[in-house]
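Source file: final-v7.csv. Holds: CSV, C-alpha atoms.
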chain,number,residue,atom,x,y,z
A,29,MET,CA,-27.6,-59.0,-43.5
A,30,GLY,CA,-25.3,-59.0,-40.5
A,31,VAL,CA,-25.5,-60.5,-37.0
A,32,PHE,CA,-27.6,-59.2,-34.1
A,33,SER,CA,-25.7,-58.9,-30.8
A,34,THR,CA,-26.4,-57.7,-27.3
A,35,SER,CA,-24.1,-56.0,-24.8
A,36,LEU,CA,-25.2,-58.5,-22.1
A,37,ALA,CA,-26.0,-62.2,-22.4
A,38,VAL,CA,-29.6,-63.1,-22.1
A,39,ASP,CA,-29.4,-64.4,-18.5
A,40,ASP,CA,-27.3,-61.4,-17.5
A,41,LEU,CA,-29.7,-59.0,-19.1
A,42,ALA,CA,-32.6,-60.6,-17.3
A,43,SER,CA,-30.7,-60.3,-14.0
A,44,TYR,CA,-29.9,-56.7,-14.7
A,45,ILE,CA,-33.5,-55.7,-15.5
A,46,GLY,CA,-34.7,-57.7,-12.5
A,47,LEU,CA,-32.4,-55.7,-10.2
A,48,GLN,CA,-33.6,-52.5,-11.7
A,49,VAL,CA,-37.2,-53.5,-11.1
A,50,LYS,CA,-36.5,-54.6,-7.5
A,51,ASN,CA,-34.6,-51.3,-6.7
A,52,PHE,CA,-37.4,-49.1,-8.0
A,53,PHE,CA,-40.3,-51.3,-6.6
A,54,PRO,CA,-38.9,-52.9,-3.4
A,55,ASP,CA,-42.1,-54.7,-2.4
A,56,GLY,CA,-40.5,-58.1,-2.7
A,57,ASN,CA,-43.1,-59.1,-5.3
A,58,VAL,CA,-41.2,-59.6,-8.6
A,59,ASP,CA,-41.7,-62.9,-10.5
A,60,THR,CA,-38.2,-63.3,-12.0
A,61,ARG,CA,-39.4,-66.6,-13.7
A,62,GLU,CA,-41.9,-64.6,-15.8
A,63,LEU,CA,-39.2,-62.1,-16.6
A,64,ARG,CA,-36.7,-64.7,-17.7
A,65,ALA,CA,-39.3,-66.7,-19.7
A,66,SER,CA,-40.2,-63.5,-21.7
A,67,MET,CA,-36.6,-62.4,-22.5
A,68,ASN,CA,-36.0,-64.4,-25.7
A,69,GLU,CA,-39.3,-63.3,-27.3
A,70,ALA,CA,-38.7,-59.7,-26.4
A,71,LEU,CA,-35.2,-59.9,-27.8
A,72,ASP,CA,-36.5,-61.5,-31.0
A,73,ARG,CA,-38.8,-58.5,-31.4
A,74,MET,CA,-35.9,-56.1,-30.7
A,75,GLU,CA,-33.8,-57.9,-33.3
A,76,TYR,CA,-36.5,-57.7,-35.9
A,77,CYS,CA,-36.9,-54.0,-35.2
A,78,LEU,CA,-33.2,-53.0,-35.1
A,79,PHE,CA,-32.4,-54.8,-38.4
A,80,ARG,CA,-34.9,-52.4,-40.0
A,81,THR,CA,-33.4,-49.2,-38.6
A,82,ASN,CA,-30.6,-47.1,-40.0
A,83,ILE,CA,-29.8,-45.1,-36.9
A,84,LYS,CA,-26.3,-44.2,-35.9
A,85,GLY,CA,-25.4,-46.0,-32.7
A,86,PHE,CA,-27.8,-48.9,-33.3
A,87,TRP,CA,-25.4,-50.7,-35.6
A,88,HIS,CA,-21.8,-51.9,-35.5
A,89,THR,CA,-19.8,-53.1,-38.5
A,90,SER,CA,-21.1,-56.7,-37.9
A,91,GLY,CA,-24.7,-55.8,-37.6
A,92,PRO,CA,-27.3,-54.2,-35.2
A,93,VAL,CA,-26.5,-54.3,-31.5
A,94,TYR,CA,-28.7,-53.7,-28.5
A,95,ASN,CA,-26.7,-51.9,-25.9
A,96,HIS,CA,-28.4,-51.8,-22.5
A,97,LEU,CA,-26.6,-48.6,-21.7
A,98,ASN,CA,-28.0,-46.9,-24.8
A,99,THR,CA,-31.0,-45.3,-23.2
A,100,ASP,CA,-33.0,-44.9,-26.4
A,101,GLN,CA,-32.6,-48.6,-27.1
A,102,HIS,CA,-33.2,-49.6,-23.5
A,103,ALA,CA,-36.5,-47.6,-23.5
A,104,MET,CA,-37.5,-49.5,-26.7
A,105,PHE,CA,-36.6,-52.8,-25.2
A,106,LEU,CA,-38.5,-52.2,-22.0
A,107,TYR,CA,-41.6,-51.5,-24.0
A,108,PHE,CA,-41.1,-54.8,-25.9
A,109,LEU,CA,-40.5,-56.7,-22.6
A,110,SER,CA,-43.5,-55.2,-20.8
A,111,ASN,CA,-45.8,-55.9,-23.7
A,112,THR,CA,-44.5,-59.4,-24.1
A,113,VAL,CA,-45.0,-60.1,-20.4
A,114,PHE,CA,-48.5,-58.7,-20.6
A,115,ASN,CA,-49.4,-60.9,-23.6
A,116,ARG,CA,-48.0,-64.0,-22.0
A,117,TYR,CA,-49.4,-63.8,-18.4
A,118,ASP,CA,-52.7,-62.9,-16.8
A,119,ASP,CA,-51.0,-61.2,-13.8
A,120,PRO,CA,-50.2,-57.6,-14.7
A,121,ARG,CA,-47.9,-56.9,-11.7
A,122,LEU,CA,-44.6,-57.5,-13.6
A,123,SER,CA,-45.9,-55.6,-16.6
A,124,ASP,CA,-46.8,-52.7,-14.4
A,125,LYS,CA,-43.4,-52.6,-12.9
A,126,ILE,CA,-41.5,-52.8,-16.2
A,127,TYR,CA,-43.7,-50.0,-17.6
A,128,GLY,CA,-43.1,-48.0,-14.5
A,129,LEU,CA,-39.3,-48.6,-14.7
A,130,ASN,CA,-39.3,-47.3,-18.3
A,131,LYS,CA,-41.1,-44.2,-17.1
A,132,ALA,CA,-38.7,-43.7,-14.2
A,133,LEU,CA,-35.5,-44.3,-16.1
A,134,HIS,CA,-36.3,-42.6,-19.4
A,135,GLY,CA,-39.2,-40.3,-18.8
A,136,VAL,CA,-41.4,-42.1,-21.4
A,137,ASP,CA,-45.0,-43.2,-21.0
A,138,ILE,CA,-45.7,-46.2,-23.2
A,139,PHE,CA,-48.3,-48.4,-21.5
A,140,TYR,CA,-47.8,-52.1,-22.1
A,141,GLU,CA,-51.3,-52.5,-23.6
A,142,VAL,CA,-50.5,-50.0,-26.4
A,143,CYS,CA,-49.7,-51.8,-29.7
A,144,LEU,CA,-46.7,-50.1,-31.1
A,145,PRO,CA,-45.6,-51.5,-34.5
A,146,ALA,CA,-43.0,-54.2,-35.0
A,147,VAL,CA,-40.6,-51.5,-36.4
A,148,PHE,CA,-40.3,-48.3,-34.5
A,149,ALA,CA,-37.7,-46.1,-32.9
A,150,LEU,CA,-37.3,-43.6,-30.1
A,151,MET,CA,-34.7,-40.8,-30.2
A,152,HIS,CA,-33.9,-39.0,-26.9
A,153,PRO,CA,-37.6,-39.4,-26.0
A,154,VAL,CA,-37.8,-37.6,-22.7
A,155,GLY,CA,-41.3,-36.5,-22.0
A,156,THR,CA,-42.9,-38.6,-24.8
A,157,VAL,CA,-46.3,-40.3,-24.3
A,158,LEU,CA,-47.3,-42.8,-26.9
A,159,GLY,CA,-50.9,-43.7,-26.1
A,160,ARG,CA,-53.6,-45.6,-27.9
A,161,ALA,CA,-53.6,-45.3,-31.6
A,162,SER,CA,-53.3,-47.4,-34.7
A,163,TYR,CA,-49.6,-47.4,-35.5
A,164,SER,CA,-47.9,-48.7,-38.6
A,165,ASP,CA,-44.3,-49.8,-39.2
A,166,PHE,CA,-41.4,-47.3,-39.5
A,167,PHE,CA,-42.7,-44.9,-36.8
A,168,ILE,CA,-40.2,-42.7,-35.0
A,169,ALA,CA,-40.8,-40.3,-32.0
A,170,TYR,CA,-38.5,-37.7,-30.6
A,171,GLN,CA,-38.7,-35.8,-27.3
A,172,ASN,CA,-41.9,-34.5,-25.7
A,173,VAL,CA,-44.2,-36.2,-28.3
A,174,SER,CA,-47.8,-36.9,-27.4
A,175,VAL,CA,-50.1,-39.4,-29.1
A,176,GLY,CA,-53.5,-40.4,-27.8
A,177,SER,CA,-57.3,-40.2,-27.6
A,178,ASP,CA,-59.5,-37.2,-27.3
A,179,LEU,CA,-62.3,-36.9,-24.7
A,180,ASP,CA,-64.7,-38.8,-26.9
A,181,GLY,CA,-62.3,-41.8,-27.2
A,182,ASN,CA,-61.3,-41.2,-30.8
A,183,THR,CA,-57.7,-42.2,-31.6
A,184,PRO,CA,-55.3,-41.4,-34.4
A,185,VAL,CA,-54.5,-43.7,-37.3
A,186,PHE,CA,-50.9,-43.6,-38.7
A,187,GLY,CA,-49.7,-44.8,-42.1
A,188,GLU,CA,-46.3,-46.3,-42.7
A,189,GLY,CA,-43.2,-44.1,-42.3
A,190,ILE,CA,-44.1,-41.4,-39.8
A,191,ALA,CA,-41.6,-39.1,-38.0
A,192,MET,CA,-42.9,-37.0,-35.0
A,193,TYR,CA,-40.4,-34.4,-34.0
A,194,GLY,CA,-40.0,-32.7,-30.7
A,195,GLY,CA,-43.1,-31.3,-29.0
A,196,SER,CA,-45.5,-32.5,-31.7
A,197,ARG,CA,-48.9,-33.9,-30.8
A,198,VAL,CA,-51.4,-36.0,-32.6
A,199,ILE,CA,-54.6,-36.4,-30.6
A,200,GLY,CA,-58.0,-37.8,-31.4
A,201,ASN,CA,-59.7,-38.4,-34.7
A,202,VAL,CA,-56.7,-37.8,-37.0
A,203,LYS,CA,-55.7,-39.9,-40.1
A,204,VAL,CA,-52.0,-39.5,-41.1
A,205,GLY,CA,-51.1,-40.8,-44.5
A,206,ASP,CA,-47.9,-42.7,-45.4
A,207,ASN,CA,-44.5,-40.9,-45.3
A,208,CYS,CA,-45.4,-37.9,-43.2
A,209,LEU,CA,-43.3,-35.7,-41.0
A,210,ILE,CA,-45.0,-33.9,-38.0
A,211,SER,CA,-42.8,-30.8,-37.5
A,212,ALA,CA,-41.6,-29.7,-34.0
A,213,GLY,CA,-44.3,-28.1,-31.9
A,214,THR,CA,-47.1,-29.1,-34.3
A,215,GLY,CA,-50.5,-29.9,-32.7
A,216,VAL,CA,-53.0,-31.9,-34.7
A,217,LEU,CA,-56.3,-32.6,-33.0
A,218,ARG,CA,-58.6,-33.8,-35.8
A,219,GLY,CA,-58.7,-34.1,-39.5
A,220,GLY,CA,-56.1,-35.6,-41.9
A,221,ILE,CA,-52.6,-35.3,-43.1
A,222,PRO,CA,-52.1,-36.4,-46.7
A,223,THR,CA,-49.5,-38.9,-47.8
A,224,ASN,CA,-46.0,-37.5,-48.5
A,225,SER,CA,-46.5,-34.4,-46.4
A,226,VAL,CA,-44.9,-32.2,-43.8
A,227,ALA,CA,-47.4,-30.9,-41.2
A,228,PHE,CA,-46.8,-27.7,-39.2
A,229,GLY,CA,-48.8,-25.3,-37.1
A,230,GLN,CA,-51.4,-25.6,-34.5
A,231,HIS,CA,-55.0,-26.8,-34.5
A,232,PRO,CA,-57.2,-25.6,-36.1
A,233,LYS,CA,-54.7,-24.0,-38.5
A,234,VAL,CA,-52.4,-26.9,-39.3
A,235,GLN,CA,-50.9,-26.6,-42.7
A,236,THR,CA,-49.2,-29.3,-44.9
A,237,LYS,CA,-46.8,-29.2,-47.8
A,238,GLU,CA,-45.4,-32.0,-49.9
A,239,THR,CA,-42.1,-33.5,-48.8
A,240,ARG,CA,-39.3,-35.0,-50.9
A,241,HIS,CA,-37.9,-36.9,-47.9
A,242,SER,CA,-38.6,-40.5,-47.3
A,243,VAL,CA,-38.9,-41.5,-43.6
A,244,ILE,CA,-38.4,-45.2,-44.5
A,245,ASN,CA,-35.3,-44.6,-46.6
A,246,ASP,CA,-33.7,-41.9,-44.5
A,247,ILE,CA,-34.2,-43.4,-41.0
A,248,PHE,CA,-35.2,-47.0,-41.5
A,249,LYS,CA,-34.5,-49.8,-44.0
A,250,PRO,CA,-37.2,-50.9,-46.5
A,251,LEU,CA,-37.7,-54.7,-46.3
A,252,SER,CA,-36.5,-54.9,-49.9
A,253,ARG,CA,-33.1,-53.8,-48.8
A,254,LEU,CA,-32.6,-56.5,-46.2
What would the structure in this file look like if it were written as structure tokens?
Amino acid sequence: MGVFSTSLAVDDLASYIGLQVKNFFPDGNVDTRELRASMNEALDRMEYCLFRTNIKGFWHTSGPVYNHLNTDQHAMFLYFLSNTVFNRYDDPRLSDKIYGLNKALHGVDIFYEVCLPAVFALMHPVGTVLGRASYSDFFIAYQNVSVGSDLDGNTPVFGEGIAMYGGSRVIGNVKVGDNCLISAGTGVLRGGIPTNSVAFGQHPKVQTKETRHSVINDIFKPLSRL
């Protein structure tokens, strides 16, 4: 199965992120105790996630590695950390700052209250907004992706094994089946995408066709292979 490793020791990583937060939000109001107390849980979540990916640069010969200088990984980890802090503490100030740090560093908007799945991945996700939706494991988003609610508060529901490519959007009352690929530039605003499909086009003329690809097998690792 391999061994999970990190490019910085836990205390060093906590200090590194603490300095990043302080430099971007120099109001003197950062609780480093909350940050340090949340690091191990966030790293456990990162470890679980990375063991189930099959992405170049996320693994070395000995196993998955979280490199704080790999910006895709760091964006993923800052989400895990902001969400962990939010779940552990009533005071949202640190969560707000880690969320804001992720937006400032990587150009991603993933609010800490959004429940991303335990297994997901980001690939050069500049301009990506992952809002409220029902996500499932093995979800991957590329650049300039948008997910969120419509004006009536309806949110998407995603099955397992979803790949959203650059510039794609899934907004509102949309149900996406398992193993679906949302093609670059596709805009889905309501309706459904059947299981094992590629979606392409713009609402209200989105089309789908069957795919032979497997998002889980191609990008991730099924649990049976661990």
Query - For A:Ala42, the nearest of the candidates A:Leu106, A:Ser162, A:Tyr76, A:Gly56, counting all atoms listed in the file - result: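 For A:Ala42, the nearest of the candidates is A:Leu106.
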Query - Top pick for closest residue to A:Asn201, considering A:Ala161, A:Val38, A:Ala65, A:Val113 and counting all atoms listed in the file - result: A:Ala161
Requested in this report: Just the residues within 7 Å of A:Lys203, please, counting only C-alpha atoms, with nothing from its chain fewer than 2 positions along; format it as a list in words.
Outcome: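 Everything that qualifies: Pro184, Val185, Phe186, Asn201, Gly205, Gly219, Gly220 and Ile221 of chain A.
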Query raised in the report: With distances taken over only C-alpha atoms, which of A:Ser164, A:Ser35, A:Ser66, A:Asn95 is nearest to A:Arg116?
Result: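 Of A:Ser164, A:Ser35, A:Ser66, A:Asn95, the one nearest A:Arg116, counting only C-alpha atoms, is A:Ser66.
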Where does stretch 55-155 of chain A meet stretch 226-247 of chain A within 12 Å, residue by residue, with the nearest atom pair and distance in Å to one decimal for each, counting only C-alpha atoms, listed by chain and rising number, as a Markdown table?
| residue | atom | partner | partner_atom | distance |
| --- | --- | --- | --- | --- |
| A:Leu78 | CA | A:Ile247 | CA | 11.3 |
| A:Phe79 | CA | A:Ile247 | CA | 11.8 |
| A:Arg80 | CA | A:Ile247 | CA | 9.1 |
| A:Thr81 | CA | A:Ile247 | CA | 6.3 |
| A:Asn82 | CA | A:Ile247 | CA | 5.3 |
| A:Ile83 | CA | A:Ile247 | CA | 6.2 |
| A:Lys84 | CA | A:Ile247 | CA | 9.4 |
| A:Phe86 | CA | A:Ile247 | CA | 11.4 |
| A:Val147 | CA | A:Ile244 | CA | 10.5 |
| A:Phe148 | CA | A:Ile247 | CA | 10.2 |
| A:Ala149 | CA | A:Ile247 | CA | 9.2 |
| A:Leu150 | CA | A:Ile247 | CA | 11.3 |
| A:Met151 | CA | A:Ile247 | CA | 11.1 |
Requested in this report: Could you check how far atom CA of A:Ser177 sits from atom CA of A:Val157, in Å to one decimal?
Outcome: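 So the two atoms, atom CA of A:Ser177 and atom CA of A:Val157, lie 11.5 Å apart.
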